[in-house]
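S.K.: Structure file entry_10.txt, compact mmCIF, C-alpha atoms, is pasted below:
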```
# COMPACT_ATOMS: atom_id res chain seq x y z
CA MET Y 642 -23.65 -57.73 27.75
CA ASN Y 643 -22.09 -54.61 29.17
CA ILE Y 644 -18.84 -53.73 27.40
CA ILE Y 645 -16.01 -52.21 29.44
CA ASN Y 646 -13.66 -49.61 27.97
CA VAL Y 647 -10.05 -50.61 28.40
CA ASN Y 648 -6.92 -48.47 28.17
CA LYS Y 649 -3.23 -49.08 28.79
CA ASP Y 650 -3.65 -48.51 32.55
CA ASN Y 651 -6.27 -51.18 33.13
CA PHE Y 652 -5.37 -53.59 30.30
CA ASP Y 653 -3.36 -55.88 32.59
CA THR Y 654 -6.10 -56.15 35.20
CA GLU Y 655 -9.07 -56.35 32.85
CA VAL Y 656 -7.55 -58.53 30.12
CA LEU Y 657 -4.31 -60.31 30.96
CA LYS Y 658 -5.20 -61.16 34.57
CA SER Y 659 -8.86 -61.89 33.96
CA GLU Y 660 -10.25 -65.14 35.39
CA THR Y 661 -12.51 -65.57 32.39
CA LYS Y 662 -11.76 -65.42 28.69
CA VAL Y 663 -11.72 -61.87 27.33
CA LEU Y 664 -12.81 -60.81 23.87
CA VAL Y 665 -11.05 -57.54 22.99
CA ASP Y 666 -12.71 -55.34 20.39
CA PHE Y 667 -10.16 -52.99 18.77
CA ASN Y 668 -12.15 -50.19 17.14
CA ALA Y 669 -12.42 -46.48 16.33
CA ASN Y 670 -15.26 -43.96 16.10
CA TRP Y 671 -14.66 -43.26 12.41
CA CYS Y 672 -14.82 -46.94 11.47
CA GLY Y 673 -18.28 -47.85 10.09
CA PRO Y 674 -17.92 -51.63 10.40
CA CYS Y 675 -16.79 -51.15 14.03
CA ARG Y 676 -19.97 -49.20 14.76
CA MET Y 677 -21.97 -52.03 13.13
CA LEU Y 678 -20.18 -54.59 15.28
CA ARG Y 679 -20.83 -52.84 18.60
CA PRO Y 680 -24.55 -53.72 18.99
CA ILE Y 681 -23.80 -57.29 17.89
CA LEU Y 682 -21.22 -57.57 20.69
CA GLU Y 683 -23.66 -56.03 23.16
CA SER Y 684 -26.26 -58.63 22.20
CA ILE Y 685 -24.02 -61.52 23.24
CA GLU Y 686 -24.96 -63.19 26.51
CA ASN Y 687 -22.29 -65.56 27.77
CA ASP Y 688 -21.07 -65.53 31.37
CA LYS Y 689 -17.88 -67.41 30.46
CA VAL Y 690 -16.48 -64.44 28.60
CA LYS Y 691 -15.94 -60.74 29.18
CA ILE Y 692 -16.04 -58.29 26.28
CA VAL Y 693 -13.91 -55.14 26.34
CA SER Y 694 -13.43 -52.28 23.90
CA ILE Y 695 -10.18 -50.55 22.95
CA ASN Y 696 -10.24 -47.35 20.95
CA VAL Y 697 -7.15 -47.54 18.74
CA ASP Y 698 -6.94 -43.76 18.32
CA ASN Y 699 -6.60 -43.26 22.07
CA GLU Y 700 -4.60 -46.42 22.67
CA GLU Y 701 -1.98 -46.44 19.95
CA GLU Y 702 0.49 -48.30 22.18
CA LEU Y 703 -1.86 -51.23 22.71
CA ALA Y 704 -2.81 -51.35 19.04
CA TYR Y 705 0.87 -51.35 18.11
CA LYS Y 706 1.77 -53.96 20.73
CA TYR Y 707 -0.86 -56.35 19.43
CA GLN Y 708 -0.04 -55.54 15.78
CA VAL Y 709 -3.51 -54.33 14.93
CA SER Y 710 -3.43 -52.88 11.41
CA SER Y 711 -7.03 -53.40 10.35
CA ILE Y 712 -10.23 -52.83 12.28
CA PRO Y 713 -12.62 -54.05 13.50
CA CYS Y 714 -10.27 -56.60 15.03
CA LEU Y 715 -11.43 -59.03 17.68
CA VAL Y 716 -8.80 -60.78 19.78
CA LEU Y 717 -9.72 -63.51 22.24
CA PHE Y 718 -7.48 -63.82 25.29
CA GLU Y 719 -7.34 -66.70 27.73
CA LYS Y 720 -5.06 -66.72 30.77
CA GLY Y 721 -3.17 -63.72 29.44
CA LYS Y 722 -2.51 -65.17 26.01
CA GLU Y 723 -4.01 -64.49 22.60
CA ILE Y 724 -5.79 -67.63 21.42
CA LYS Y 725 -7.86 -66.40 18.48
CA ARG Y 726 -8.12 -63.37 16.21
CA SER Y 727 -10.66 -62.22 13.68
CA ILE Y 728 -10.43 -59.24 11.34
CA GLY Y 729 -13.39 -57.44 9.80
CA LEU Y 730 -17.08 -57.32 10.58
CA ILE Y 731 -18.43 -60.74 11.50
CA SER Y 732 -21.86 -62.07 12.44
CA LYS Y 733 -23.17 -62.96 15.88
CA ASP Y 734 -22.96 -66.66 14.98
CA GLU Y 735 -19.32 -66.27 14.02
CA ILE Y 736 -18.51 -64.40 17.23
CA GLU Y 737 -20.22 -67.07 19.33
CA LYS Y 738 -18.28 -69.74 17.47
CA MET Y 739 -15.06 -67.82 18.11
CA ILE Y 740 -15.77 -67.56 21.83
CA GLY Y 741 -16.64 -71.28 21.95
CA GLU Y 742 -17.90 -73.09 25.00
CA MET D 685 -45.84 -66.96 2.87
CA TYR D 686 -44.49 -63.52 1.98
CA ASP D 687 -45.39 -61.29 -0.92
CA ILE D 688 -41.80 -60.30 -1.61
CA ILE D 689 -38.52 -61.71 -0.37
CA ILE D 690 -35.50 -59.47 -0.83
CA VAL D 691 -32.05 -61.06 -0.75
CA GLY D 692 -29.56 -58.57 0.69
CA ALA D 693 -29.95 -55.65 3.11
CA GLY D 694 -27.67 -53.15 1.42
CA THR D 695 -28.82 -49.82 0.04
CA ALA D 696 -30.73 -51.37 -2.90
CA GLY D 697 -32.36 -54.15 -0.87
CA LEU D 698 -33.46 -51.87 1.97
CA THR D 699 -34.89 -49.34 -0.48
CA SER D 700 -36.80 -52.18 -2.17
CA ALA D 701 -38.12 -53.14 1.26
CA LEU D 702 -39.16 -49.56 1.95
CA TYR D 703 -41.09 -49.23 -1.33
CA ALA D 704 -42.68 -52.68 -1.11
CA SER D 705 -43.73 -52.13 2.51
CA ARG D 706 -45.28 -48.78 1.62
CA ALA D 707 -47.28 -50.62 -1.04
CA SER D 708 -48.69 -52.73 1.85
CA LYS D 709 -46.89 -55.90 0.80
CA LYS D 710 -45.61 -58.46 3.29
CA VAL D 711 -41.84 -58.21 2.98
CA LEU D 712 -38.94 -60.31 4.23
CA VAL D 713 -35.33 -59.18 3.84
CA LEU D 714 -32.67 -61.87 4.20
CA GLU D 715 -29.13 -60.78 4.95
CA ALA D 716 -26.08 -63.01 5.40
CA LYS D 717 -23.94 -60.51 7.33
CA ASN D 718 -24.96 -57.04 8.39
CA TYR D 719 -27.34 -54.45 7.06
CA GLY D 720 -26.00 -51.56 5.04
CA GLY D 721 -23.76 -53.38 2.60
CA GLN D 722 -20.71 -51.73 1.10
CA ILE D 723 -21.55 -48.15 2.07
CA ILE D 724 -20.80 -48.72 5.76
CA ASN D 725 -17.09 -48.52 4.88
CA THR D 726 -17.47 -44.98 3.60
CA LEU D 727 -16.41 -42.31 6.06
CA ASP D 728 -18.26 -39.41 4.52
CA ILE D 729 -20.84 -39.43 1.72
CA GLU D 730 -20.87 -36.11 -0.15
CA ASN D 731 -22.76 -36.96 -3.34
CA TYR D 732 -26.14 -38.15 -2.12
CA PRO D 733 -28.82 -35.52 -2.79
CA VAL D 734 -30.04 -33.43 0.19
CA GLU D 735 -27.42 -34.49 2.76
CA GLU D 736 -24.16 -32.57 2.28
CA HIS D 737 -22.29 -34.91 4.61
CA ILE D 738 -23.37 -38.18 6.14
CA SER D 739 -21.31 -41.17 7.24
CA GLY D 740 -21.97 -44.50 5.55
CA PHE D 741 -22.89 -45.99 8.91
CA ASP D 742 -25.49 -43.30 9.63
CA PHE D 743 -26.90 -43.54 6.11
CA ALA D 744 -27.28 -47.32 6.38
CA THR D 745 -28.75 -47.18 9.89
CA LYS D 746 -31.33 -44.54 8.94
CA LEU D 747 -32.39 -46.55 5.88
CA TYR D 748 -32.54 -49.75 7.93
CA ASN D 749 -34.76 -48.13 10.55
CA GLN D 750 -36.96 -46.59 7.88
CA ALA D 751 -37.57 -49.98 6.21
CA LYS D 752 -38.11 -51.70 9.56
CA ASN D 753 -40.50 -49.05 10.85
CA LEU D 754 -42.61 -49.48 7.72
CA GLY D 755 -43.04 -53.14 8.63
CA ALA D 756 -40.36 -55.03 6.70
CA ASP D 757 -39.22 -58.20 8.41
CA ILE D 758 -35.40 -58.48 8.42
CA LYS D 759 -33.65 -61.78 9.21
CA TYR D 760 -29.97 -62.64 9.32
CA GLU D 761 -29.72 -65.87 7.36
CA LYS D 762 -27.47 -66.76 4.47
CA VAL D 763 -29.35 -67.55 1.27
CA ILE D 764 -27.97 -70.65 -0.45
CA ASP D 765 -30.50 -71.26 -3.22
CA ILE D 766 -33.64 -69.98 -4.90
CA LYS D 767 -36.30 -72.04 -6.66
CA ASN D 768 -38.77 -70.90 -9.27
CA SER D 769 -42.28 -72.23 -9.79
CA ASP D 770 -45.68 -70.55 -9.35
CA ILE D 771 -44.69 -70.00 -5.76
CA LYS D 772 -41.04 -69.08 -5.38
CA GLU D 773 -38.77 -70.45 -2.68
CA VAL D 774 -35.75 -68.96 -0.99
CA ILE D 775 -33.60 -71.46 0.86
CA THR D 776 -31.28 -70.28 3.61
CA SER D 777 -28.82 -72.21 5.75
CA LYS D 778 -31.61 -72.47 8.37
CA ASN D 779 -35.03 -72.30 6.67
CA THR D 780 -37.05 -72.32 3.48
CA TYR D 781 -39.25 -69.30 2.81
CA LYS D 782 -42.01 -68.95 0.23
CA ALA D 783 -42.95 -65.81 -1.68
CA LYS D 784 -44.79 -64.56 -4.73
CA ALA D 785 -41.83 -62.51 -5.94
CA ILE D 786 -38.12 -62.25 -5.21
CA ILE D 787 -35.72 -59.32 -5.50
CA LEU D 788 -32.03 -60.15 -5.70
CA ALA D 789 -29.97 -57.36 -4.14
CA THR D 790 -26.79 -59.15 -3.15
CA GLY D 791 -24.33 -56.50 -4.27
CA SER D 792 -20.69 -57.35 -4.73
CA VAL D 793 -17.49 -58.27 -2.90
CA ASN D 794 -13.93 -57.01 -3.27
CA ARG D 795 -11.97 -58.51 -6.13
CA LYS D 796 -8.80 -60.13 -4.88
CA LEU D 797 -5.40 -60.25 -6.56
CA ASN D 798 -5.53 -64.06 -6.39
CA LEU D 799 -1.93 -64.39 -5.29
CA SER D 800 -0.70 -66.95 -2.81
CA ASN D 801 -0.23 -65.47 0.66
CA GLU D 802 -3.01 -62.94 0.04
CA ASP D 803 -5.57 -64.42 2.45
CA LYS D 804 -2.93 -65.03 5.09
CA LEU D 805 -1.78 -61.39 5.01
CA ILE D 806 -5.22 -59.73 5.14
CA GLY D 807 -5.12 -57.39 8.10
CA LYS D 808 -1.37 -57.97 8.25
CA GLY D 809 -0.36 -55.46 5.61
CA ILE D 810 -3.03 -56.18 3.01
CA SER D 811 -6.24 -54.19 3.09
CA TYR D 812 -9.21 -53.63 0.78
CA CYS D 813 -10.33 -50.45 2.54
CA ALA D 814 -8.03 -47.43 2.76
CA THR D 815 -10.40 -45.29 4.82
CA CYS D 816 -10.76 -48.14 7.33
CA ASP D 817 -7.11 -49.09 7.75
CA GLY D 818 -5.13 -46.11 6.44
CA GLY D 819 -4.69 -44.68 9.92
CA PHE D 820 -2.40 -47.57 10.88
CA TYR D 821 0.16 -46.50 8.29
CA LYS D 822 1.25 -43.09 9.61
CA ASN D 823 4.63 -42.19 8.08
CA LYS D 824 4.94 -45.62 6.54
CA ILE D 825 5.34 -46.79 2.96
CA VAL D 826 2.25 -48.10 1.23
CA ALA D 827 1.03 -49.00 -2.24
CA VAL D 828 -2.37 -48.84 -3.87
CA VAL D 829 -3.15 -51.14 -6.77
CA GLY D 830 -5.91 -50.31 -9.24
CA GLY D 831 -6.94 -47.79 -11.88
CA GLY D 832 -10.48 -46.70 -11.07
CA ASN D 833 -11.97 -44.08 -8.79
CA THR D 834 -11.53 -46.14 -5.64
CA ALA D 835 -7.82 -46.56 -6.30
CA LEU D 836 -7.36 -42.83 -6.96
CA GLU D 837 -9.34 -41.79 -3.89
CA ASP D 838 -7.47 -44.32 -1.76
CA ALA D 839 -4.10 -42.99 -2.96
CA LEU D 840 -5.17 -39.41 -2.26
CA TYR D 841 -6.42 -40.29 1.22
CA LEU D 842 -3.27 -42.25 2.04
CA SER D 843 -0.93 -39.54 0.74
CA ASP D 844 -1.90 -37.38 3.72
CA ILE D 845 -1.08 -40.16 6.19
CA ALA D 846 1.73 -42.26 4.78
CA LYS D 847 5.29 -41.18 4.01
CA LYS D 848 5.20 -42.56 0.48
CA VAL D 849 2.42 -43.98 -1.69
CA TYR D 850 3.03 -46.10 -4.78
CA LEU D 851 0.09 -46.17 -7.16
CA ILE D 852 0.34 -49.26 -9.31
CA HIS D 853 -1.79 -49.72 -12.41
CA ARG D 854 -1.68 -52.37 -15.11
CA ARG D 855 -2.46 -49.91 -17.91
CA ASP D 856 -0.84 -46.66 -19.05
CA GLU D 857 -3.74 -44.43 -18.05
CA PHE D 858 -6.31 -44.27 -15.27
CA ARG D 859 -10.04 -44.83 -15.70
CA GLY D 860 -10.81 -42.75 -12.60
CA ASP D 861 -11.97 -39.19 -12.18
CA SER D 862 -9.68 -36.56 -13.76
CA VAL D 863 -10.17 -34.07 -10.88
CA THR D 864 -8.87 -36.62 -8.37
CA LEU D 865 -6.05 -37.55 -10.72
CA SER D 866 -4.86 -33.95 -11.03
CA LYS D 867 -4.90 -33.62 -7.23
CA LEU D 868 -2.76 -36.76 -7.03
CA LYS D 869 -0.25 -35.37 -9.51
CA GLU D 870 0.29 -32.33 -7.29
CA LYS D 871 1.35 -34.51 -4.37
CA ASP D 872 5.06 -35.04 -4.00
CA ASN D 873 4.85 -38.32 -2.09
CA ILE D 874 2.98 -40.33 -4.72
CA ILE D 875 4.93 -42.47 -7.15
CA PHE D 876 3.05 -43.64 -10.23
CA ILE D 877 3.87 -47.05 -11.64
CA TYR D 878 2.18 -47.83 -14.95
CA ASN D 879 1.88 -50.97 -17.08
CA SER D 880 2.68 -53.23 -14.15
CA ASN D 881 1.06 -56.08 -12.27
CA ILE D 882 1.76 -57.30 -8.78
CA THR D 883 3.10 -60.81 -9.14
CA LYS D 884 4.17 -61.72 -5.61
CA LEU D 885 3.39 -60.81 -2.01
CA ASN D 886 6.29 -61.34 0.36
CA GLY D 887 6.23 -61.59 4.13
CA LYS D 888 5.79 -64.18 6.83
CA GLU D 889 3.97 -62.58 9.74
CA HIS D 890 3.41 -59.28 7.95
CA LEU D 891 3.68 -58.07 4.36
CA ASP D 892 7.15 -56.63 3.82
CA SER D 893 7.54 -56.33 0.05
CA ILE D 894 5.81 -56.92 -3.26
CA GLU D 895 7.12 -58.04 -6.61
CA ILE D 896 5.90 -56.19 -9.67
CA THR D 897 6.26 -57.23 -13.29
CA ASN D 898 5.86 -54.71 -16.10
CA LYS D 899 4.59 -55.17 -19.65
CA GLU D 900 8.10 -55.88 -20.96
CA GLY D 901 8.51 -58.63 -18.37
CA ASN D 902 10.91 -56.72 -16.13
CA VAL D 903 10.64 -57.66 -12.48
CA ASP D 904 11.13 -55.28 -9.58
CA THR D 905 10.69 -55.53 -5.81
CA ILE D 906 9.18 -52.76 -3.69
CA LYS D 907 9.66 -52.70 0.06
CA LEU D 908 6.58 -51.48 1.88
CA ASP D 909 4.43 -51.76 5.00
CA GLY D 910 0.97 -51.88 3.49
CA LEU D 911 -0.81 -52.70 0.25
CA PHE D 912 -4.31 -51.42 -0.51
CA VAL D 913 -6.12 -53.45 -3.14
CA ALA D 914 -8.66 -51.49 -5.21
CA ILE D 915 -9.08 -53.51 -8.39
CA GLY D 916 -12.83 -53.56 -8.49
CA ARG D 917 -15.57 -55.78 -7.21
CA ILE D 918 -17.24 -59.06 -8.13
CA PRO D 919 -21.03 -59.44 -8.12
CA GLU D 920 -22.39 -62.07 -5.75
CA ASN D 921 -24.62 -63.94 -8.18
CA LYS D 922 -23.09 -67.39 -8.31
CA ILE D 923 -25.89 -69.18 -6.48
CA PHE D 924 -28.49 -67.74 -8.85
CA SER D 925 -26.67 -68.69 -12.06
CA LYS D 926 -28.56 -71.98 -12.47
CA ILE D 927 -31.74 -70.14 -13.38
CA ILE D 928 -30.84 -66.46 -13.82
CA ASN D 929 -28.99 -65.15 -16.89
CA LEU D 930 -25.67 -63.46 -16.13
CA ASP D 931 -23.32 -61.57 -18.43
CA ASN D 932 -19.66 -62.53 -18.93
CA ASN D 933 -18.61 -60.63 -15.84
CA GLY D 934 -21.20 -62.31 -13.63
CA TYR D 935 -23.73 -59.46 -13.48
CA ILE D 936 -27.44 -60.26 -13.74
CA ILE D 937 -28.64 -59.03 -17.11
CA ALA D 938 -31.36 -56.45 -16.52
CA SER D 939 -32.32 -52.96 -17.57
CA GLU D 940 -33.63 -50.09 -15.46
CA ASN D 941 -36.92 -51.91 -14.82
CA CYS D 942 -34.92 -54.58 -12.94
CA HIS D 943 -36.59 -57.58 -14.64
CA THR D 944 -34.49 -60.75 -14.90
CA ASN D 945 -35.15 -63.54 -17.41
CA ILE D 946 -37.64 -65.08 -14.95
CA ASP D 947 -41.08 -63.60 -14.31
CA GLY D 948 -41.40 -62.53 -10.71
CA ILE D 949 -37.67 -62.50 -10.00
CA PHE D 950 -36.12 -59.04 -10.04
CA VAL D 951 -32.67 -57.61 -9.39
CA ALA D 952 -31.61 -54.38 -7.68
CA GLY D 953 -28.30 -52.68 -7.09
CA ASP D 954 -24.65 -53.33 -7.87
CA ASN D 955 -25.17 -56.96 -8.94
CA ARG D 956 -26.99 -56.05 -12.17
CA THR D 957 -25.59 -54.84 -15.47
CA LYS D 958 -25.36 -51.04 -15.40
CA GLU D 959 -23.04 -48.16 -16.18
CA LEU D 960 -22.90 -46.37 -12.85
CA ARG D 961 -22.77 -48.06 -9.46
CA GLN D 962 -23.48 -45.39 -6.87
CA LEU D 963 -25.75 -44.97 -3.85
CA VAL D 964 -28.22 -42.99 -5.90
CA THR D 965 -28.48 -45.70 -8.58
CA ALA D 966 -28.84 -48.37 -5.88
CA THR D 967 -31.78 -46.54 -4.31
CA SER D 968 -33.22 -46.01 -7.78
CA ASP D 969 -33.06 -49.76 -8.42
CA GLY D 970 -34.70 -50.36 -5.07
CA ALA D 971 -37.68 -48.23 -6.07
CA ASN D 972 -37.94 -49.72 -9.57
CA SER D 973 -37.58 -53.36 -8.52
CA ALA D 974 -40.19 -53.05 -5.75
CA THR D 975 -42.63 -51.22 -8.00
CA GLU D 976 -42.25 -53.90 -10.70
CA ALA D 977 -42.60 -56.68 -8.13
CA VAL D 978 -45.78 -55.13 -6.75
CA LYS D 979 -47.16 -54.82 -10.29
CA TYR D 980 -46.32 -58.47 -10.96
CA ILE D 981 -48.06 -59.65 -7.77
CA ASN D 982 -51.15 -57.55 -8.39
CA ASN D 983 -51.52 -59.17 -11.83
CA LEU D 984 -51.23 -62.75 -10.57
```
As structure tokens, what does this structure read like?

M.R.:
Amino acid sequence: MNIINVNKDNFDTEVLKSETKVLVDFNANWCGPCRMLRPILESIENDKVKIVSINVDNEEELAYKYQVSSIPCLVLFEKGKEIKRSIGLISKDEIEKMIGE
Amino acid sequence: MYDIIIVGAGTAGLTSALYASRASKKVLVLEAKNYGGQIINTLDIENYPVEEHISGFDFATKLYNQAKNLGADIKYEKVIDIKNSDIKEVITSKNTYKAKAIILATGSVNRKLNLSNEDKLIGKGISYCATCDGGFYKNKIVAVVGGGNTALEDALYLSDIAKKVYLIHRRDEFRGDSVTLSKLKEKDNIIFIYNSNITKLNGKEHLDSIEITNKEGNVDTIKLDGLFVAIGRIPENKIFSKIINLDNNGYIIASENCHTNIDGIFVAGDNRTKELRQLVTATSDGANSATEAVKYINNL
């Protein structure tokens, strides 16, 4: 799936006001496990969820707001609310389980 | 039926795959999580011959592609058991695979403090990787616990980011590299705490303080924002212990030729008994284990 880059200007529209569930990938270029995770996220095909990427170096405000202090950090949003969170590199199976039906 | 099944796609396992594939053997690598193993957490590798600087991610990805391009089959399935008879079996959560030889290259995982609250506070103030998470602690107060090279390097790295770094060690001297230690002693924002153990982790939503107890039994509380745990690693050999001999610390007993107590089952990398666990010794084990496995198969 195509992953959209999100920043503080489009976070509301892309994440909080999204019709579908949104899986937010908090990451950074220097983070090895984040770079490992990226192709796994891209390989997910599920039209009930949107996947977006937030670079924590560029988006310190968002990282701070959502209390991200360890990456990779995946946060699943539904109807504007955080419903699940996972920290560290996880497998495709685990991501699919996190997203659910 | 494969010639060689390799359990683990870290540096040792992928190097085994590379050597075994070049010897024209049919190779399967089984990996529970992601390829690359521990090295992917390293920002910059400076001690691997030939490359002056390479990131752990790039190193792992190049090695992965090299093994794959030589024909190794790599599957993401968690191995739950191995069985030994004339034909060996590797059982994963999904399938059973047969092979003539097996190489165990499962590496190790971070040792935890084993304190209550620890799991709950991972990513909420507790981290096992300073280079991964240090950036979130700009001008904050952090502590590193441990006495080896990782602990010293973590403290040094964090001292440039955080306001104050406590370095807590249970003994009165460090095992780690003396060059790093002397660099640490020049820093004015590092506070050394010797002969002390962490005995409590406090915080509801986020870690806010730790309790330390020293050798004399005196208890102290340190307020902080982050704790980096660097107290070593534990080999991932539990599932093999029914048939493979381990030492008291859980490492598979083997010498440089990577033979275990069972013919046709070999070990490579950080999960075997050895003095130095580095990238270069992991690749060395990869070459040795594959060469020995090929020799074993050719003599069957």

S.K.: Would you kindly return, as a PyMOL selection string, each protein, DNA or RNA residue with an atom no farther than 10 Å from any atom of D:Lys926, considering only C-alpha atoms and excluding same-chain residues fewer than 4 positions away?

M.R.: chain D and resi 765-767+921-922+930

S.K.: Export C-alpha atoms of the chosen residues as a tab-separated table (two decimals), in the frame of the given file?

M.R.:
```tsv
chain	number	residue	atom	x	y	z
D	765	ASP	CA	-30.50	-71.26	-3.22
D	766	ILE	CA	-33.64	-69.98	-4.90
D	767	LYS	CA	-36.30	-72.04	-6.66
D	921	ASN	CA	-24.62	-63.94	-8.18
D	922	LYS	CA	-23.09	-67.39	-8.31
D	930	LEU	CA	-25.67	-63.46	-16.13
```

S.K.: Of the residues D:Ile775, D:Val951, D:Cys816, D:Ala785, which is the one nearest to chain Y, using all atoms listed in the file?

M.R.: D:Cys816

S.K.: Between atom CA of Y:Val663 and atom CA of Y:Phe718, what is the distance, to one decimal in Å?

M.R.: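 So the answer is 5.1 Å.
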
S.K.: At a cut-off of 12 Å, list the chain Y residues touching chain D, using all atoms listed in the file, as a ChimeraX atom specification.

M.R.: /Y:668-681,697-698,701-702,704-705,707-715,726-736

S.K.: Just give me the gap between atom CA of D:Arg706 and atom CA of D:Lys778 in Å, one decimal is fine.

M.R.: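 Calculated distance between atom CA of D:Arg706 and atom CA of D:Lys778 is 28.2 Å.
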
S.K.: How many Å lie between atom CA of D:Glu959 and atom CA of D:Asp838, rounded to one decimal?

M.R.: 21.6 Å

S.K.: Point out the residue among D:Val828, D:Ala789, D:Ile758, D:Ala839 with the least atom-to-atom distance to D:Thr695, counting all atoms listed in the file.

M.R.: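 Of all the options, D:Ala789 lies closest to D:Thr695.
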
S.K.: List as an NGL selection string the protein and nucleic acid residues near Y:Glu683, meaning an atom at most 10 Å away when only C-alpha atoms are counted, but skip any in the same chain fewer than 6 places from it.

M.R.: :Y and (642-644 or 692)

S.K.: Rank nothing, just name the residue among Y:Lys706, Y:Lys689, Y:Lys662, Y:Lys649 nearest to Y:Lys725, using all atoms listed in the file.

M.R.: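 With all atoms listed in the file as the atom set, the closest residue is Y:Lys662.
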
S.K.: Select, from D:Pro919, D:Pro733, D:Gly831, D:Gly755, the residue with the minimum atom-to-atom distance to D:Tyr703, counting only C-alpha atoms.

M.R.: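 Among D:Pro919, D:Pro733, D:Gly831, D:Gly755, it is D:Gly755 that comes nearest to D:Tyr703.
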
S.K.: Which protein, DNA or RNA residues are at most 8 Å from (4.5, -43.3, -6.7) in the file's coordinates when you count only C-alpha atoms, listed as a list in words?

M.R.: Lys848, Val849, Tyr850, Leu851, Ile852, Asn873, Ile874, Ile875, Phe876 and Ile877 of chain D

S.K.: Using only C-alpha atoms, pick whichever of D:Asp861, D:Asp803, D:Asp856, D:Glu889 has the shortest atom-to-atom distance to D:Leu836.

M.R.: D:Asp861

S.K.: Show which residues sit within 9 Å of stretch 656-660 of chain Y, as a PDB file with C-alpha atoms, in the coordinates of the input. Count all atoms listed in the file, and ignore same-chain residues fewer than 6 positions away.

M.R.:
```pdb
ATOM      1  CA  VAL Y 647     -10.050 -50.610  28.400  1.00  0.00           C
ATOM      2  CA  LYS Y 691     -15.940 -60.740  29.180  1.00  0.00           C
ATOM      3  CA  VAL Y 693     -13.910 -55.140  26.340  1.00  0.00           C
ATOM      4  CA  PHE Y 718      -7.480 -63.820  25.290  1.00  0.00           C
ATOM      5  CA  GLU Y 719      -7.340 -66.700  27.730  1.00  0.00           C
ATOM      6  CA  LYS Y 720      -5.060 -66.720  30.770  1.00  0.00           C
ATOM      7  CA  GLY Y 721      -3.170 -63.720  29.440  1.00  0.00           C
ATOM      8  CA  LYS Y 722      -2.510 -65.170  26.010  1.00  0.00           C
TER       9      LYS Y 722
END
```

S.K.: What lies within 9 Å of D:Lys871 using all atoms listed in the file, ignoring chain neighbours under 3 positions off, as a list in words?

M.R.: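 Counting only the stated atoms, we get Leu840, Ser843, Lys867, Leu868 and Ile874 of chain D.
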
S.K.: Name the residues, using the chain letters and numbers of the file, that sit within 9 Å of (-34.7, -47.9, -7.9) when counting all atoms listed in the file, and give them as a list in words.

M.R.: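 Protein and nucleic acid residues near the point are Ala696, Thr699, Ser700, Glu940, Asn941, Cys942, Ala952, Gly953, Val964, Thr965, Ala966, Thr967, Ser968, Asp969, Gly970, Ala971, Asn972, Ser973, Ala974 and Thr975 of chain D.
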
S.K.: Fewer than 5 positions away in the same chain doesn't count, so skip those; otherwise give me all residues within 12 Å of D:Ser880, counting all atoms listed in the file, as a list in words.

M.R.: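 Surrounding residues, per the criterion: Val829, Gly830, Gly831, Tyr850, Leu851, Ile852, His853, Arg854, Arg855, Asp856, Glu857, Ile894, Glu895, Ile896, Thr897, Asn898, Lys899, Glu900, Gly901, Asn902, Val903, Asp904 and Thr905 of chain D.
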